[in-house]
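Asker: Attaching a single structure in structure tokens format; questions to follow.
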Amino acid sequence: MPELNDGTTLPDIGFGTYPLRGEEGTAAVLSALSLGYRLIDTAVNYQNEDAVGRAIAETPVPRDEIIVATKVPGRDHGYDETLRSFDGSMERLGLDVLDLYLIHWPNPNVDKYVDAWRAMVRLREEGRVRSIGVSNFTADYLTRVAEETGVMPSVNQVELHPFFPQEELRAFHSEHGVVTEAWSPLGKAAPVKESAPVASAAAAHGVTPAQVILRWHQQIGSLPIPKSGNPERQRENLELGGFTLSDAEVSAITALGRPDGRLFGGDPETHEEM
């Protein structure tokens with residue numbers, strides 16, 4: 001289990017919820033929890049905090065076993081704005097304490113992400129949030145918030161998959177004690193799963209290409225957050241403990257990375273493929 005720089009820990013895999021909403025979203029989260037997922041990732045901009053909150057309220061899984069993460073959107077950056085946004089998220093989630101709070105992206109044109117971060121530090125100090133982090137931040141943005149506030153984010157959730165392995169950013173994270181979370185860990189593109197190194201490893205270990213990719217994430221130190229409303233696929237994505245990729249297999253999959261490997265040219269706030 002990855003240990004954060006604030007002393008808390010996260011599971012080796014999480015459950016993504018975009019774009020699951022309404023009853024479908026609640027059912028998907030309930031299914032994921034019943035299968036063993038314990039990190040549930042949502043956001044204001046996913047418009048499903050209420051659906052996640054209903055699942056947390058309805059599940060028989062004890063609340064203290066579930067890590068709920070949500071995100072402040074770019075439009076709510078600023079000190080007071082972030083505090084208000086947090087209150088809205090907590091009302092929709094129906095929670096008293098949030099486990100992990102992230103800045104969804106730096107929104108550099110507005111340039112208020114440091115003020116948003118200061119508000120999040122306050123929320124953690126007050127015990128309203130257990131851990132704080134960011135999403136879609138570069139090393140320069142991480143460095144700036146740490147230098148101006150004295151607090152390095154505990155998590156940076158970024159696009160990461162075999163076509164976009166983010167080696168330099170992961171090295172920075174490792175050096176500075178930041179846990180790497182991966183949104184779109186499977187790439188949402190058939191060529192990733194069909195690539196020769198992934199297909200070869202899947203055949204060698206008797207597992208699916210998706211399982212190979214998720215295991216690759218874990219072995220390079222990335223915490224993947226796959227999303228699926230299908231219970232069987234949820235189960236498959238979680239069953240990663242029965243095999244280990246060789247160093248050669250990991251290296252071959254990482255070598256799929258390429259300059260144009262980023263698959264998402266759309267809004268980083270929604271993680272929506274364009």
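A note on labels: chains of the structure tokens are A, B, ... as shown, every chain counts residues from 1, and ligands are counted from 1 in their shown order.
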What are the DSSP strand (DSSP E or B) residues of segment 25-221 of chain A, as a PyMOL selection string?

Answerer: chain A and resi 39-41+67-72+98-103+129-135+155-159+161+164+179-183

Asker: Which residues, written as a PyMOL selection string, have at least one atom at most 9 Å from Glu236 of chain A, with only C-alpha atoms counted and residues fewer than 6 positions away on the same chain left out?

Answerer: chain A and resi 208+210-211

Asker: Skipping near chain neighbours, those fewer than 4 positions away, what residues fall within 9 Å of Ala51 of chain A using only C-alpha atoms, listed as a PyMOL selection string?

Answerer: chain A and resi 20-27+29+47+55-56+92-93

Asker: Output N, CA and C atoms for every residue in that selection, as a short mmCIF file (atom, residue, chain, number, x, y, z; two decimals), in the first residue's frame.

Answerer:
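Contents of the output file result-v6.cif:
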```cif
data_model
loop_
_atom_site.label_atom_id
_atom_site.label_comp_id
_atom_site.auth_asym_id
_atom_site.auth_seq_id
_atom_site.Cartn_x
_atom_site.Cartn_y
_atom_site.Cartn_z
N LEU A 20 -19.92 7.98 -14.64
CA LEU A 20 -21.06 7.29 -14.04
C LEU A 20 -21.85 8.25 -13.15
N ARG A 21 -23.14 8.37 -13.39
CA ARG A 21 -23.96 9.32 -12.64
C ARG A 21 -25.28 8.68 -12.24
N GLY A 22 -26.00 9.35 -11.36
CA GLY A 22 -27.34 8.91 -10.98
C GLY A 22 -27.36 7.51 -10.41
N GLU A 23 -28.44 6.80 -10.66
CA GLU A 23 -28.59 5.44 -10.14
C GLU A 23 -27.51 4.52 -10.68
N GLU A 24 -27.13 4.73 -11.93
CA GLU A 24 -26.06 3.91 -12.52
C GLU A 24 -24.76 4.11 -11.74
N GLY A 25 -24.46 5.35 -11.38
CA GLY A 25 -23.25 5.63 -10.63
C GLY A 25 -23.28 5.01 -9.25
N THR A 26 -24.40 5.13 -8.57
CA THR A 26 -24.53 4.54 -7.24
C THR A 26 -24.37 3.03 -7.30
N ALA A 27 -25.02 2.40 -8.27
CA ALA A 27 -24.92 0.95 -8.42
C ALA A 27 -23.49 0.51 -8.71
N VAL A 29 -20.68 2.04 -7.88
CA VAL A 29 -19.84 2.19 -6.68
C VAL A 29 -20.17 1.11 -5.65
N GLN A 47 -19.95 15.50 -11.75
CA GLN A 47 -21.38 15.62 -11.46
C GLN A 47 -21.96 14.32 -10.89
N ALA A 55 -23.97 5.76 -2.41
CA ALA A 55 -23.36 4.42 -2.30
C ALA A 55 -22.62 4.27 -0.97
N ILE A 56 -21.91 5.30 -0.55
CA ILE A 56 -21.19 5.24 0.73
C ILE A 56 -22.19 5.05 1.88
N ARG A 92 -22.93 17.28 -0.84
CA ARG A 92 -23.37 16.31 -1.85
C ARG A 92 -22.93 14.89 -1.49
N LEU A 93 -21.75 14.76 -0.92
CA LEU A 93 -21.25 13.44 -0.53
C LEU A 93 -21.90 12.93 0.76
#
```

Asker: Neighbours of Thr82 of chain A within 6 Å (only C-alpha atoms; same-chain residues fewer than 5 positions away dropped), as a list in words?

Answerer: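 Residues near the query, excluding close chain neighbours: Asp76, His77 and Ala116 of chain A.
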
Asker: Return as number ranges by chain the full set of residues in segment 73-257 of chain A whose backbone-based DSSP assignment is helix (DSSP H, G or I).

Answerer: A: 74-76, 79-93, 113-125, 139-149, 167-176, 190-194, 196-205, 209-219, 231-238, 247-254

Asker: Which residues are close to Val192 of chain A, i.e. within 8 Å by only C-alpha atoms, leaving aside same-chain residues fewer than 5 positions away? Reply as number ranges by chain.

Answerer: A: 162-163, 186-187, 198

Asker: Export all heavy atoms of the chosen residues as a short mmCIF file (atom, residue, chain, number, x, y, z; two decimals), in the first residue's frame?

Answerer:
```cif
data_model
loop_
_atom_site.label_atom_id
_atom_site.label_comp_id
_atom_site.auth_asym_id
_atom_site.auth_seq_id
_atom_site.Cartn_x
_atom_site.Cartn_y
_atom_site.Cartn_z
N PRO A 162 0.70 2.96 -20.82
CA PRO A 162 1.91 2.55 -21.55
C PRO A 162 2.32 3.49 -22.69
O PRO A 162 3.52 3.60 -22.98
CB PRO A 162 1.54 1.16 -22.07
CG PRO A 162 0.65 0.62 -21.01
CD PRO A 162 -0.20 1.79 -20.61
N PHE A 163 1.38 4.14 -23.36
CA PHE A 163 1.75 5.07 -24.42
C PHE A 163 2.22 6.41 -23.85
O PHE A 163 2.79 7.22 -24.58
CB PHE A 163 0.56 5.31 -25.35
CG PHE A 163 0.30 4.19 -26.32
CD1 PHE A 163 -0.77 4.27 -27.20
CD2 PHE A 163 1.11 3.07 -26.37
CE1 PHE A 163 -1.02 3.24 -28.11
CE2 PHE A 163 0.87 2.04 -27.27
CZ PHE A 163 -0.20 2.13 -28.14
N LEU A 186 -5.69 2.55 -18.53
CA LEU A 186 -5.69 1.61 -19.65
C LEU A 186 -5.61 2.33 -21.00
O LEU A 186 -5.54 1.68 -22.04
CB LEU A 186 -6.96 0.74 -19.61
CG LEU A 186 -7.13 -0.09 -18.34
CD1 LEU A 186 -8.47 -0.82 -18.36
CD2 LEU A 186 -5.99 -1.08 -18.19
N GLY A 187 -5.63 3.65 -20.97
CA GLY A 187 -5.47 4.41 -22.20
C GLY A 187 -6.73 4.60 -23.01
O GLY A 187 -6.74 5.41 -23.93
N VAL A 198 2.22 -6.05 -24.46
CA VAL A 198 1.09 -6.31 -23.57
C VAL A 198 0.45 -7.65 -23.93
O VAL A 198 0.18 -8.49 -23.05
CB VAL A 198 0.04 -5.18 -23.66
CG1 VAL A 198 -1.23 -5.56 -22.91
CG2 VAL A 198 0.62 -3.89 -23.12
#
```

Asker: Just the residues within 6 Å of segment 100-112 of chain A, please, counting only C-alpha atoms, with nothing from its chain fewer than 5 positions along; format it as a list in words.

Answerer: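 Final neighbour list, sorted by chain and number: Ala69, Thr70, Lys71, Val72, Pro73, Gly74, His77, Gly78, Ser131, Ile132, Gly133, Val134, Ser135, Asn136 and Glu269 of chain A.
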
Asker: Name the closest residue to Ser195 of chain A among the candidates A:Thr254, A:Ser34, A:Asn45, A:Ser174; distances are taken between atoms, counting only C-alpha atoms.

Answerer: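 Using only C-alpha atoms, the shortest distance to Ser195 of chain A belongs to A:Thr254.
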
Asker: What is the atom CA of Leu238 of chain A-atom CA of Met1 of chain A distance in Å, reported with one decimal?

Answerer: 14.1 Å

Asker: Excluding same-chain residues fewer than 6 positions from His205 of chain A, what lies within 9 Å of it counting only C-alpha atoms, as a short mmCIF file (atom, residue, chain, number, x, y, z; two decimals) with N, CA and C atoms, in the first residue's frame?

Answerer:
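As written to disk, out_37.cif reads:
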```cif
data_model
loop_
_atom_site.label_atom_id
_atom_site.label_comp_id
_atom_site.auth_asym_id
_atom_site.auth_seq_id
_atom_site.Cartn_x
_atom_site.Cartn_y
_atom_site.Cartn_z
N VAL A 212 -2.64 -7.01 -17.38
CA VAL A 212 -1.21 -6.77 -17.57
C VAL A 212 -0.90 -5.29 -17.39
N PHE A 243 0.01 -12.82 -10.31
CA PHE A 243 1.13 -12.88 -11.25
C PHE A 243 2.01 -11.64 -11.10
N THR A 244 3.24 -11.77 -11.54
CA THR A 244 4.20 -10.67 -11.50
C THR A 244 4.88 -10.58 -12.86
N LEU A 245 4.94 -9.38 -13.41
CA LEU A 245 5.63 -9.18 -14.67
C LEU A 245 7.13 -9.21 -14.45
#
```

Asker: Record the distance separating atom CA of His161 of chain A and atom CA of Pro11 of chain A, expressed in Å with one decimal.

Answerer: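 Going from atom CA of His161 of chain A over to atom CA of Pro11 of chain A covers 18.6 Å.
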
Asker: What is the atom CA of Val145 of chain A-atom CA of Arg124 of chain A distance in Å, reported with one decimal?

Answerer: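 About the pair atom CA of Val145 of chain A and atom CA of Arg124 of chain A: they are 15.4 Å apart.
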
Asker: Which of these residues is nearest to Thr138 of chain A, using only C-alpha atoms: A:Arg170, A:Val114, A:Arg54, A:Pro226?

Answerer: A:Arg170

Asker: Pick from A:Glu58, A:Asp80, A:Asp99, A:Glu65: nearest to Thr42 of chain A, with only C-alpha atoms counted?

Answerer: A:Asp99

Asker: For Leu98 of chain A, which residue among A:Glu126, A:Glu232, A:Glu81, A:Asp6 is the nearest when counting only C-alpha atoms?

Answerer: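 Result for the nearest residue to Leu98 of chain A: A:Glu126.
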
Asker: When distances are computed from only C-alpha atoms, which of A:Val61, A:Ala248, A:Val52, A:Leu240 shows the smallest separation from Leu95 of chain A?

Answerer: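 That would be A:Val52, the residue with the smallest distance to Leu95 of chain A.
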
Asker: Counting only C-alpha atoms, which of A:Glu167, A:Asp50, A:Asp115, A:Asp64 gets nearest to Met90 of chain A?

Answerer: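 When distances to Met90 of chain A are compared using only C-alpha atoms, the smallest one comes from A:Asp50.
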